[in-house]
file work-v7.tsv (TSV, C-alpha atoms)
chain	number	residue	atom	x	y	z
A	1	MET	CA	150.34	1.68	79.26
A	2	THR	CA	152.31	3.13	82.15
A	3	LYS	CA	150.79	6.31	83.52
A	4	ALA	CA	153.15	9.30	83.54
A	5	ILE	CA	153.93	10.70	86.94
A	6	ASP	CA	153.81	14.46	87.32
A	7	THR	CA	156.34	15.78	89.82
A	8	SER	CA	155.80	19.45	89.04
A	9	THR	CA	153.88	19.98	92.27
A	10	ASN	CA	156.21	18.00	94.50
A	11	GLY	CA	158.04	20.14	97.02
A	12	PRO	CA	161.23	19.43	98.92
A	13	GLY	CA	159.28	17.45	101.51
A	14	ASP	CA	157.07	15.47	99.10
A	15	LEU	CA	157.69	12.17	97.39
A	16	PRO	CA	156.16	11.40	93.99
A	17	GLU	CA	152.82	9.68	94.01
A	18	ASP	CA	152.57	6.02	93.10
A	19	PRO	CA	149.49	5.61	90.89
A	20	GLY	CA	148.89	2.15	92.30
A	21	SER	CA	149.13	2.85	96.00
A	22	GLY	CA	147.94	6.44	96.36
A	23	PRO	CA	149.86	9.40	97.78
A	24	VAL	CA	153.05	8.65	99.69
A	25	PRO	CA	153.31	10.56	102.99
A	26	ALA	CA	155.96	13.25	103.25
A	27	ARG	CA	159.06	12.41	105.18
A	28	ALA	CA	158.84	13.26	108.86
A	29	GLY	CA	160.38	16.61	109.71
A	30	ARG	CA	160.12	17.92	106.14
A	31	ARG	CA	157.41	19.89	104.42
A	32	LYS	CA	156.99	21.91	101.30
A	33	ARG	CA	158.79	25.24	101.44
A	34	THR	CA	157.00	28.23	99.93
A	35	GLY	CA	157.90	31.85	99.46
A	36	GLY	CA	155.27	32.84	102.00
A	37	ASP	CA	156.82	30.54	104.59
A	38	ALA	CA	160.24	32.10	104.01
A	39	TRP	CA	158.99	35.67	104.36
A	40	SER	CA	157.03	34.79	107.51
A	41	ARG	CA	160.16	33.27	109.06
A	42	TYR	CA	162.26	36.30	108.27
A	43	ALA	CA	159.53	38.60	109.59
A	44	SER	CA	159.46	36.58	112.81
A	45	ALA	CA	163.24	37.05	113.10
A	46	LEU	CA	162.77	40.82	113.04
A	47	SER	CA	160.10	40.55	115.74
A	48	THR	CA	162.58	39.14	118.27
A	49	PRO	CA	164.39	41.59	120.60
A	50	LYS	CA	167.69	41.16	118.74
A	51	GLY	CA	166.07	41.37	115.33
A	52	LEU	CA	164.03	44.44	116.26
A	53	THR	CA	167.07	46.22	117.68
A	54	ALA	CA	169.07	45.40	114.55
A	55	ALA	CA	166.25	46.61	112.29
A	56	ILE	CA	165.94	49.92	114.17
A	57	LEU	CA	169.69	50.54	114.05
A	58	LEU	CA	169.94	49.71	110.35
A	59	VAL	CA	166.94	51.85	109.42
A	60	LEU	CA	168.42	54.80	111.30
A	61	LEU	CA	171.92	54.37	109.85
A	62	ILE	CA	170.73	53.81	106.29
A	63	GLY	CA	168.27	56.69	106.60
A	64	VAL	CA	170.98	59.10	107.77
A	65	ALA	CA	173.30	57.95	104.98
A	66	LEU	CA	170.64	58.43	102.30
A	67	LEU	CA	169.71	61.87	103.64
A	68	ALA	CA	173.33	63.08	103.80
A	69	PRO	CA	172.96	65.45	100.79
A	70	VAL	CA	169.82	66.90	102.40
A	71	LEU	CA	171.27	67.21	105.90
A	72	PHE	CA	174.58	68.63	104.66
A	73	PRO	CA	173.92	70.36	101.32
A	74	GLY	CA	177.38	71.93	101.25
A	75	GLY	CA	179.03	68.56	100.65
A	76	TYR	CA	181.83	66.79	102.47
A	77	ASP	CA	184.70	68.84	101.01
A	78	GLN	CA	183.57	72.34	101.98
A	79	GLN	CA	186.31	74.11	103.90
A	80	ALA	CA	186.00	76.62	106.73
A	81	ARG	CA	188.57	79.04	108.07
A	82	GLY	CA	189.68	77.21	111.20
A	83	ALA	CA	191.58	73.93	110.89
A	84	LEU	CA	191.42	71.37	113.71
A	85	ALA	CA	188.94	73.54	115.58
A	86	GLY	CA	187.11	72.02	118.52
A	87	PRO	CA	183.37	71.30	118.70
A	88	SER	CA	181.12	74.33	118.30
A	89	ALA	CA	177.55	75.22	117.39
A	90	GLN	CA	178.46	75.19	113.69
A	91	HIS	CA	180.75	72.15	113.81
A	92	TRP	CA	179.49	69.66	116.38
A	93	LEU	CA	182.57	67.42	116.13
A	94	GLY	CA	184.99	70.16	115.12
A	95	THR	CA	186.90	70.53	111.86
A	96	ASP	CA	189.68	68.46	110.34
A	97	GLU	CA	193.17	69.51	109.24
A	98	PHE	CA	191.71	71.26	106.17
A	99	GLY	CA	188.90	73.02	107.99
A	100	ARG	CA	186.20	70.59	106.80
A	101	ASP	CA	183.33	69.68	109.10
A	102	ILE	CA	184.06	66.31	110.73
A	103	LEU	CA	180.40	65.42	111.31
A	104	THR	CA	179.59	65.98	107.65
A	105	ARG	CA	182.47	63.82	106.52
A	106	THR	CA	181.53	61.15	109.05
A	107	VAL	CA	178.00	60.87	107.66
A	108	TYR	CA	179.28	60.75	104.10
A	109	GLY	CA	181.82	58.15	105.22
A	110	LEU	CA	178.93	56.06	106.55
A	111	ARG	CA	177.34	56.41	103.12
A	112	THR	CA	180.51	55.07	101.49
A	113	ASP	CA	180.79	52.11	103.87
A	114	LEU	CA	177.15	51.12	103.45
A	115	SER	CA	177.42	51.26	99.67
A	116	LEU	CA	180.37	48.89	99.85
A	117	ILE	CA	178.79	46.45	102.28
A	118	LEU	CA	175.30	46.32	100.80
A	119	LEU	CA	176.64	45.79	97.27
A	120	ALA	CA	179.72	43.61	97.81
A	121	VAL	CA	178.24	41.08	100.25
A	122	PRO	CA	175.22	40.10	98.06
A	123	VAL	CA	177.54	39.77	95.05
A	124	ALA	CA	179.86	37.54	97.08
A	125	MET	CA	176.88	35.46	98.23
A	126	VAL	CA	175.56	34.94	94.68
A	127	ILE	CA	178.94	34.05	93.17
A	128	GLY	CA	180.03	31.92	96.12
A	129	THR	CA	176.73	30.02	96.16
A	130	ALA	CA	176.98	29.37	92.42
A	131	LEU	CA	180.51	28.02	92.87
A	132	GLY	CA	179.45	25.83	95.77
A	133	LEU	CA	176.47	24.35	93.92
A	134	SER	CA	178.37	23.83	90.68
A	135	GLY	CA	179.27	20.33	91.82
A	136	TYR	CA	175.70	19.19	91.19
A	137	LEU	CA	176.04	19.96	87.49
A	138	SER	CA	179.57	18.56	87.11
A	139	LYS	CA	181.62	16.65	89.66
A	140	THR	CA	184.85	17.81	88.03
A	141	LEU	CA	183.76	21.44	88.09
A	142	GLY	CA	182.76	21.06	91.73
A	143	SER	CA	186.17	19.68	92.68
A	144	VAL	CA	187.99	22.46	90.83
A	145	THR	CA	185.93	25.21	92.44
A	146	GLN	CA	186.44	23.73	95.91
A	147	ARG	CA	190.21	23.71	95.43
A	148	LEU	CA	190.02	27.33	94.28
A	149	LEU	CA	187.99	28.28	97.35
A	150	ASP	CA	190.48	26.44	99.58
A	151	ILE	CA	193.31	28.53	98.11
A	152	ILE	CA	191.43	31.77	98.74
A	153	LEU	CA	190.58	30.60	102.26
A	154	GLY	CA	194.28	30.22	102.99
A	155	PHE	CA	194.73	34.00	102.95
A	156	PRO	CA	193.37	36.23	105.74
A	157	GLY	CA	190.84	38.75	104.49
A	158	LEU	CA	193.04	41.76	105.18
A	159	ILE	CA	196.08	40.22	103.47
A	160	LEU	CA	193.95	39.24	100.49
A	161	GLY	CA	192.63	42.80	100.31
A	162	ILE	CA	196.15	44.22	100.38
A	163	MET	CA	197.15	41.96	97.48
A	164	ILE	CA	194.16	43.08	95.42
A	165	VAL	CA	194.78	46.76	96.17
A	166	LEU	CA	198.43	46.43	95.19
A	167	VAL	CA	197.38	44.95	91.83
A	168	ILE	CA	194.60	47.34	90.79
A	169	GLY	CA	195.29	50.36	92.99
A	170	THR	CA	193.41	52.02	95.82
A	171	GLY	CA	189.79	53.15	95.63
A	172	TRP	CA	186.19	52.01	95.97
A	173	LEU	CA	186.50	49.30	93.32
A	174	ALA	CA	189.52	47.73	95.02
A	175	LEU	CA	187.68	47.55	98.34
A	176	PHE	CA	184.63	46.12	96.59
A	177	LEU	CA	186.67	43.35	94.95
A	178	ALA	CA	188.55	42.64	98.18
A	179	ILE	CA	185.29	42.10	100.07
A	180	VAL	CA	183.78	39.96	97.29
A	181	VAL	CA	186.81	37.70	96.96
A	182	ALA	CA	187.22	37.34	100.72
A	183	GLY	CA	183.59	36.25	101.02
A	184	LEU	CA	183.61	33.57	98.33
A	185	PRO	CA	185.01	30.68	100.43
A	186	GLY	CA	182.47	31.05	103.23
A	187	PHE	CA	179.45	31.09	100.93
A	188	GLY	CA	180.88	28.46	98.57
A	189	ARG	CA	181.72	25.92	101.27
A	190	LEU	CA	178.39	26.46	103.02
A	191	ALA	CA	176.48	25.93	99.77
A	192	ARG	CA	178.57	22.84	99.03
A	193	ALA	CA	177.77	21.36	102.44
A	194	GLY	CA	174.06	21.98	101.89
A	195	LEU	CA	174.25	20.39	98.45
A	196	LEU	CA	175.87	17.21	99.79
A	197	GLY	CA	173.12	16.89	102.39
A	198	GLU	CA	170.24	17.57	100.03
A	199	GLU	CA	171.49	15.16	97.35
A	200	GLN	CA	170.64	12.24	99.64
A	201	ARG	CA	167.05	13.31	100.26
A	202	GLU	CA	164.30	11.09	98.89
A	203	TYR	CA	162.60	13.86	96.93
A	204	VAL	CA	165.86	14.74	95.14
A	205	MET	CA	166.65	11.11	94.30
A	206	ALA	CA	163.07	10.53	93.14
A	207	ALA	CA	163.20	13.56	90.86
A	208	ARG	CA	166.47	12.37	89.35
A	209	VAL	CA	165.08	8.87	88.73
A	210	LEU	CA	162.05	10.37	86.99
A	211	GLY	CA	164.28	12.39	84.65
A	212	VAL	CA	163.62	15.86	86.02
A	213	LYS	CA	166.15	18.36	84.70
A	214	LYS	CA	169.07	19.12	86.97
A	215	SER	CA	168.35	22.83	86.79
A	216	THR	CA	164.78	22.22	87.96
A	217	VAL	CA	165.92	20.03	90.84
A	218	MET	CA	168.43	22.70	91.80
A	219	THR	CA	166.01	25.62	91.81
A	220	ARG	CA	162.97	23.83	93.27
A	221	HIS	CA	164.43	21.36	95.76
A	222	ILE	CA	168.05	22.08	96.68
A	223	LEU	CA	168.45	25.86	96.66
A	224	PRO	CA	165.36	26.61	98.83
A	225	ASN	CA	166.77	24.35	101.54
A	226	VAL	CA	170.21	25.99	101.69
A	227	VAL	CA	169.13	29.63	101.53
A	228	ASP	CA	168.62	30.05	105.29
A	229	PRO	CA	172.23	29.35	106.35
A	230	LEU	CA	173.44	31.46	103.43
A	231	LEU	CA	171.46	34.46	104.68
A	232	VAL	CA	172.87	33.98	108.17
A	233	GLN	CA	176.36	33.84	106.67
A	234	ALA	CA	175.64	37.02	104.70
A	235	SER	CA	174.74	38.96	107.83
A	236	VAL	CA	177.82	37.60	109.62
A	237	PHE	CA	180.09	38.48	106.71
A	238	MET	CA	178.79	42.04	106.65
A	239	VAL	CA	180.56	42.53	109.98
A	240	VAL	CA	183.74	41.10	108.44
A	241	ALA	CA	183.33	43.42	105.45
A	242	ILE	CA	183.14	46.43	107.75
A	243	PHE	CA	186.49	45.58	109.29
A	244	ILE	CA	188.08	44.75	105.93
A	245	GLU	CA	187.24	48.27	104.76
A	246	ALA	CA	188.37	49.80	108.03
A	247	GLY	CA	191.58	47.77	108.14
A	248	LEU	CA	192.62	48.62	104.58
A	249	SER	CA	191.77	52.29	105.10
A	250	ILE	CA	193.70	52.48	108.36
A	251	VAL	CA	196.86	51.27	106.60
A	252	GLY	CA	196.28	53.81	103.83
A	253	LEU	CA	194.91	51.44	101.15
A	254	GLY	CA	191.26	52.47	101.24
A	255	ILE	CA	189.17	55.18	99.63
A	256	ASN	CA	191.14	57.84	97.81
A	257	PRO	CA	191.01	61.34	99.36
A	258	PRO	CA	189.18	63.64	99.51
A	259	ASN	CA	186.36	61.04	99.46
A	260	PRO	CA	185.57	60.06	103.04
A	261	SER	CA	185.13	56.64	104.59
A	262	LEU	CA	184.91	55.67	108.24
A	263	GLY	CA	188.17	53.73	108.14
A	264	ALA	CA	190.02	56.52	106.34
A	265	MET	CA	188.82	59.04	108.91
A	266	LEU	CA	190.09	56.81	111.71
A	267	ASN	CA	193.43	56.61	109.93
A	268	VAL	CA	193.83	60.38	109.72
A	269	GLY	CA	192.16	61.11	113.05
A	270	ALA	CA	194.62	58.90	114.93
A	271	ARG	CA	197.28	61.55	114.30
A	272	TYR	CA	195.24	64.19	116.12
A	273	VAL	CA	193.54	62.04	118.76
A	274	GLN	CA	195.21	63.87	121.67
A	275	SER	CA	194.45	67.40	120.47
A	276	LEU	CA	191.06	66.62	118.90
A	277	PRO	CA	189.57	63.33	120.19
A	278	THR	CA	186.22	64.01	118.50
A	279	TYR	CA	187.97	63.36	115.17
A	280	VAL	CA	187.83	59.60	115.81
A	281	ILE	CA	184.77	59.40	118.08
A	282	GLY	CA	182.21	59.83	115.30
A	283	PRO	CA	183.66	57.28	112.84
A	284	GLY	CA	184.43	54.85	115.66
A	285	VAL	CA	180.91	54.97	117.06
A	286	LEU	CA	179.32	54.46	113.64
A	287	LEU	CA	181.57	51.47	112.91
A	288	LEU	CA	180.60	49.92	116.23
A	289	LEU	CA	176.89	50.54	115.58
A	290	LEU	CA	177.14	48.96	112.13
A	291	ALA	CA	178.93	45.91	113.52
A	292	LEU	CA	176.43	45.63	116.38
A	293	ALA	CA	173.43	45.87	114.05
A	294	PHE	CA	174.63	43.15	111.69
A	295	THR	CA	175.72	40.93	114.59
A	296	LEU	CA	172.27	41.14	116.19
A	297	LEU	CA	170.66	40.50	112.80
A	298	SER	CA	172.75	37.37	112.25
A	299	ASP	CA	171.82	36.06	115.71
A	300	ALA	CA	168.12	36.63	115.04
A	301	LEU	CA	168.25	34.91	111.64
A	302	ASN	CA	170.24	32.03	113.09
A	303	GLN	CA	167.64	31.44	115.80
A	304	VAL	CA	164.86	31.30	113.24
A	305	ALA	CA	166.86	28.99	110.94
A	306	ASN	CA	167.58	26.60	113.82
A	307	ARG	CA	163.90	26.40	114.74
A	308	ARG	CA	162.96	25.32	111.23

call {"tool": "encode", "arguments": {"input": "work-v7.tsv", "output": "structure tokens"}}
result
Amino acid sequence: MTKAIDTSTNGPGDLPEDPGSGPVPARAGRRKRTGGDAWSRYASALSTPKGLTAAILLVLLIGVALLAPVLFPGGYDQQARGALAGPSAQHWLGTDEFGRDILTRTVYGLRTDLSLILLAVPVAMVIGTALGLSGYLSKTLGSVTQRLLDIILGFPGLILGIMIVLVIGTGWLALFLAIVVAGLPGFGRLARAGLLGEEQREYVMAARVLGVKKSTVMTRHILPNVVDPLLVQASVFMVVAIFIEAGLSIVGLGINPPNPSLGAMLNVGARYVQSLPTYVIGPGVLLLLLALAFTLLSDALNQVANRR
């Protein structure tokens, strides 16, 4: 009777054991990937100078955004007597055209931007990855999704966002959908490229020959080996998402007033930049810090992924 071969413990770098010849050595340059290995790699990325700088900036920015109701209990729409007043002890960056504190609105605008980025980018990554890996379950489905992603890729992110806003109207949801849709091609094509490479690995072909379910092969062998470039892409796309929000808001298609966002404040502040330059300094600096933080984070993750 032929002895059944158990592949449940085989990792991405392991071949199934032949009962007649003993264990087969793992392919050179590959080893089993575990959750502990992944977390240790990501921790090492944050220990690099770029990763540490990015982590400090993000902790500070996210912390300030979360504490906005505590730091400014009056809210972002509280009006004072003087409109377009210069910096003072009460209003460090001055007041806007309605007498509202610019610093308060800037911090709340940071809160709005972070909520968009930290929600929309992971959603885009999950959906885009699922579309890119769909070709493993069905070749036809994979071809259809790739053509769909190619069509989306043909539109610049800002133009695509304008089209979405014109269909469903301005607001947080429109910006969210614009960022998600703009991110799908990058994640989908990257996942597709990883899938095509992993399909030719010995451990994947061995699992298929032994009748292992496609879903099991996907979750245990293919997906763990494409997650690193996807995380790098996520951190890169966060920078793109920042400028999609800012670009749509600057042309008047962003967050609806009186809700603040950094891009919307730049749009309004540009009208008063000569008389009150501090109107645009705060939002501009925070946008640059956000972009710098995510750029440094992507570089750190990329270095770790390349060393794997």

call {"tool": "closest_residue", "arguments": {"input": "work-v7.tsv", "among": "A:Val64, A:Leu137, A:Met238, A:Leu184", "to": "Leu296 of chain A", "atoms": "all atoms listed in the file"}}
result
A:Met238

call {"tool": "residues_around", "arguments": {"input": "work-v7.tsv", "residues": "segment 143-146 of chain A", "least_positions_apart": "3", "cutoff": "8 Å", "atoms": "only C-alpha atoms", "output": "PyMOL selection string"}}
result
chain A and resi 131-132+134-135+139-140+149-150+188-189

call {"tool": "closest_residue", "arguments": {"input": "work-v7.tsv", "among": "A:Leu177, A:Ala85, A:Ile117, A:Leu190", "to": "Ile102 of chain A", "atoms": "all atoms listed in the file"}}
result
A:Ala85

call {"tool": "residues_around", "arguments": {"input": "work-v7.tsv", "residues": "segment 257-271 of chain A", "least_positions_apart": "2", "cutoff": "10 Å", "atoms": "all atoms listed in the file", "output": "PDB file with C-alpha atoms, keeping the file's coordinate frame"}}
result
ATOM      1  CA  TYR A  76     181.830  66.790 102.470  1.00  0.00           C
ATOM      2  CA  ASP A  77     184.700  68.840 101.010  1.00  0.00           C
ATOM      3  CA  ASP A  96     189.680  68.460 110.340  1.00  0.00           C
ATOM      4  CA  GLU A  97     193.170  69.510 109.240  1.00  0.00           C
ATOM      5  CA  ILE A 102     184.060  66.310 110.730  1.00  0.00           C
ATOM      6  CA  THR A 104     179.590  65.980 107.650  1.00  0.00           C
ATOM      7  CA  ARG A 105     182.470  63.820 106.520  1.00  0.00           C
ATOM      8  CA  THR A 106     181.530  61.150 109.050  1.00  0.00           C
ATOM      9  CA  VAL A 107     178.000  60.870 107.660  1.00  0.00           C
ATOM     10  CA  TYR A 108     179.280  60.750 104.100  1.00  0.00           C
ATOM     11  CA  GLY A 109     181.820  58.150 105.220  1.00  0.00           C
ATOM     12  CA  LEU A 110     178.930  56.060 106.550  1.00  0.00           C
ATOM     13  CA  ARG A 111     177.340  56.410 103.120  1.00  0.00           C
ATOM     14  CA  THR A 112     180.510  55.070 101.490  1.00  0.00           C
ATOM     15  CA  ASP A 113     180.790  52.110 103.870  1.00  0.00           C
ATOM     16  CA  LEU A 114     177.150  51.120 103.450  1.00  0.00           C
ATOM     17  CA  GLY A 171     189.790  53.150  95.630  1.00  0.00           C
ATOM     18  CA  TRP A 172     186.190  52.010  95.970  1.00  0.00           C
ATOM     19  CA  ILE A 242     183.140  46.430 107.750  1.00  0.00           C
ATOM     20  CA  PHE A 243     186.490  45.580 109.290  1.00  0.00           C
ATOM     21  CA  ILE A 244     188.080  44.750 105.930  1.00  0.00           C
ATOM     22  CA  GLU A 245     187.240  48.270 104.760  1.00  0.00           C
ATOM     23  CA  ALA A 246     188.370  49.800 108.030  1.00  0.00           C
ATOM     24  CA  GLY A 247     191.580  47.770 108.140  1.00  0.00           C
ATOM     25  CA  LEU A 248     192.620  48.620 104.580  1.00  0.00           C
ATOM     26  CA  SER A 249     191.770  52.290 105.100  1.00  0.00           C
ATOM     27  CA  ILE A 250     193.700  52.480 108.360  1.00  0.00           C
ATOM     28  CA  VAL A 251     196.860  51.270 106.600  1.00  0.00           C
ATOM     29  CA  GLY A 252     196.280  53.810 103.830  1.00  0.00           C
ATOM     30  CA  LEU A 253     194.910  51.440 101.150  1.00  0.00           C
ATOM     31  CA  GLY A 254     191.260  52.470 101.240  1.00  0.00           C
ATOM     32  CA  ILE A 255     189.170  55.180  99.630  1.00  0.00           C
ATOM     33  CA  VAL A 273     193.540  62.040 118.760  1.00  0.00           C
ATOM     34  CA  GLN A 274     195.210  63.870 121.670  1.00  0.00           C
ATOM     35  CA  SER A 275     194.450  67.400 120.470  1.00  0.00           C
ATOM     36  CA  LEU A 276     191.060  66.620 118.900  1.00  0.00           C
ATOM     37  CA  PRO A 277     189.570  63.330 120.190  1.00  0.00           C
ATOM     38  CA  THR A 278     186.220  64.010 118.500  1.00  0.00           C
ATOM     39  CA  TYR A 279     187.970  63.360 115.170  1.00  0.00           C
ATOM     40  CA  VAL A 280     187.830  59.600 115.810  1.00  0.00           C
ATOM     41  CA  ILE A 281     184.770  59.400 118.080  1.00  0.00           C
ATOM     42  CA  GLY A 282     182.210  59.830 115.300  1.00  0.00           C
ATOM     43  CA  PRO A 283     183.660  57.280 112.840  1.00  0.00           C
ATOM     44  CA  GLY A 284     184.430  54.850 115.660  1.00  0.00           C
ATOM     45  CA  VAL A 285     180.910  54.970 117.060  1.00  0.00           C
ATOM     46  CA  LEU A 286     179.320  54.460 113.640  1.00  0.00           C
ATOM     47  CA  LEU A 287     181.570  51.470 112.910  1.00  0.00           C
TER      48      LEU A 287
END

call {"tool": "closest_residue", "arguments": {"input": "work-v7.tsv", "among": "A:Leu297, A:Met125, A:Leu292, A:Leu223", "to": "Phe187 of chain A", "atoms": "only C-alpha atoms"}}
result
A:Met125

call {"tool": "atom_distance", "arguments": {"input": "work-v7.tsv", "atom1": "atom CA of Ala80 of chain A", "atom2": "atom CA of Asp101 of chain A"}}
result
7.8 Å

call {"tool": "atom_distance", "arguments": {"input": "work-v7.tsv", "atom1": "atom CA of Leu58 of chain A", "atom2": "atom CA of Gln303 of chain A"}}
result
19.2 Å

call {"tool": "atom_distance", "arguments": {"input": "work-v7.tsv", "atom1": "atom CA of Ala43 of chain A", "atom2": "atom CA of Leu196 of chain A"}}
result
28.6 Å

call {"tool": "closest_residue", "arguments": {"input": "work-v7.tsv", "among": "A:Val232, A:Val123, A:Leu158, A:Leu66", "to": "Val304 of chain A", "atoms": "all atoms listed in the file"}}
result
A:Val232

call {"tool": "closest_residue", "arguments": {"input": "work-v7.tsv", "among": "A:Phe237, A:Tyr136, A:Phe72, A:Tyr42", "to": "Pro122 of chain A", "atoms": "all atoms listed in the file"}}
result
A:Phe237

call {"tool": "residues_around", "arguments": {"input": "work-v7.tsv", "residues": "Ile159 of chain A", "least_positions_apart": "4", "cutoff": "12 Å", "atoms": "only C-alpha atoms", "output": "number ranges by chain"}}
result
A: 152-155, 163-166, 178-179, 181-182, 244, 247-248, 251, 253

call {"tool": "decode", "arguments": {"input": "work-v7.tsv", "residues": "segment 86-136 of chain A", "atoms": "C-alpha atoms", "output": "compact mmCIF listing (two decimals), in the first residue's frame"}}
result
# COMPACT_ATOMS: atom_id res chain seq x y z
CA GLY A 86 -2.18 87.63 12.57
CA PRO A 87 -0.42 85.26 14.99
CA SER A 88 -0.94 86.02 18.67
CA ALA A 89 -0.71 84.35 22.07
CA GLN A 90 -4.26 83.02 21.66
CA HIS A 91 -4.00 82.13 17.98
CA TRP A 92 -0.49 80.97 17.15
CA LEU A 93 -1.09 80.87 13.39
CA GLY A 94 -3.76 83.57 13.34
CA THR A 95 -7.43 83.26 12.38
CA ASP A 96 -9.09 82.52 9.06
CA GLU A 97 -11.66 84.55 7.13
CA PHE A 98 -14.38 83.54 9.62
CA GLY A 99 -12.34 84.19 12.74
CA ARG A 100 -11.59 80.50 13.40
CA ASP A 101 -8.24 79.47 14.83
CA ILE A 102 -5.98 78.26 12.00
CA LEU A 103 -3.86 76.01 14.22
CA THR A 104 -6.93 74.22 15.51
CA ARG A 105 -8.27 73.65 12.03
CA THR A 106 -4.85 72.49 10.85
CA VAL A 107 -4.67 69.80 13.52
CA TYR A 108 -8.20 68.66 12.76
CA GLY A 109 -7.31 68.70 9.07
CA LEU A 110 -4.41 66.36 9.86
CA ARG A 111 -6.93 64.12 11.61
CA THR A 112 -9.08 64.04 8.46
CA ASP A 113 -6.14 63.25 6.17
CA LEU A 114 -4.85 60.46 8.39
CA SER A 115 -8.29 58.87 8.60
CA LEU A 116 -8.44 58.82 4.81
CA ILE A 117 -4.95 57.45 4.28
CA LEU A 118 -4.92 54.84 7.02
CA LEU A 119 -8.31 53.45 5.96
CA ALA A 120 -8.25 53.78 2.16
CA VAL A 121 -4.76 52.41 1.50
CA PRO A 122 -5.25 49.09 3.40
CA VAL A 123 -8.61 48.62 1.67
CA ALA A 124 -6.96 49.23 -1.71
CA MET A 125 -4.19 46.77 -0.82
CA VAL A 126 -6.63 44.00 0.18
CA ILE A 127 -8.90 44.41 -2.86
CA GLY A 128 -6.02 44.90 -5.30
CA THR A 129 -4.16 41.86 -3.95
CA ALA A 130 -7.31 39.73 -4.23
CA LEU A 131 -7.76 40.84 -7.84
CA GLY A 132 -4.13 40.15 -8.66
CA LEU A 133 -4.17 36.66 -7.13
CA SER A 134 -7.52 35.72 -8.65
CA GLY A 135 -5.71 34.27 -11.65
CA TYR A 136 -4.58 31.31 -9.56
